[in-house]
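Undergrad: Below is a structure I'd like to ask you about.
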Amino acid sequence: QVQLVESGGGLVQAGGSLRLSCAASGNIFSFRVMGWYRQAPGKQRELVATITSSGTTNYADSVKGRFTISRDNPKNTVYLQMNSPKPEDTAVYYCNLAMGIYSYWGRGTQVTVSS
């Protein structure tokens, strides 16, 4: 069983910064991909960024240059540094851990960006 716990969400002004954290616990294999997804009201869940256990990253075009994903492998923790957020970044942000055919989700953390 794997558990993911997100933290760091909240209200931030446009142009500010915010950092999300996601700590994973449980039976975690050495090779895994961790990432952040988001879902705004009335929209489908979408990819924000992912990072492999070796450090390869992937970003949605909408956040490139503004958001940075990183991870601490010994701590099984992934971070999302959100710089210069925009009101359109407002959403519930979900942490995801993928290991082979298995995919786990956190409960989500609300991020609201005020203009």
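Each chain in the structure tokens gets a letter, A, B and so on, in the order shown; residues start at 1 in every chain, and ligands are counted from 1 in the order they appear.
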Report as a PyMOL selection string all protein, DNA and RNA residues lying within 6 Å of range 9-20 of chain A, evaluated on only C-alpha atoms, omitting residues in the same chain fewer than 5 positions from it.
TA: chain A and resi 79-86+109-115
Undergrad: Excluding Tyr104 in chain A and its own-chain neighbours fewer than 6 positions away, which residues fall within 9 Å of it when counting only C-alpha atoms? Please give them as a PyMOL selection string.
TA: chain A and resi 2-4+95-98
Undergrad: Step one, run DSSP on the backbone; step two, keep only residues of range 9-76 of chain A assigned to strand (DSSP E or B); then write them as a PyMOL selection string.
TA: chain A and resi 10-13+17-26+33-39+46-52+57-59+67-72
Undergrad: Report, in Å with one decimal, the straight-line distance from CA of Val92 in chain A to CA of Tyr37 in chain A.
TA: 8.4 Å
Undergrad: Do you have the CA of Gln44 in chain A-CA of Ala24 in chain A distance handy?
TA: 24.2 Å
Undergrad: Going by DSSP on the backbone, which bits of chain A are helix (DSSP H, G or I)? Write them as a PyMOL selection string, please.
TA: chain A and resi 73-75+87-89
Undergrad: Give me a file of those residues, with C-alpha atoms, as a CSV table (one decimal), in the first residue's frame.
TA:
chain,number,residue,atom,x,y,z
A,73,ASN,CA,14.7,10.3,-3.4
A,74,PRO,CA,15.8,9.2,0.2
A,75,LYS,CA,12.7,11.0,1.5
A,87,PRO,CA,-5.0,33.2,-11.9
A,88,GLU,CA,-5.4,30.4,-14.5
A,89,ASP,CA,-3.2,28.2,-12.4
Undergrad: Hey, can you check how far CA of Thr77 in chain A sits from CA of Gly42 in chain A?
TA: 29.3 Å
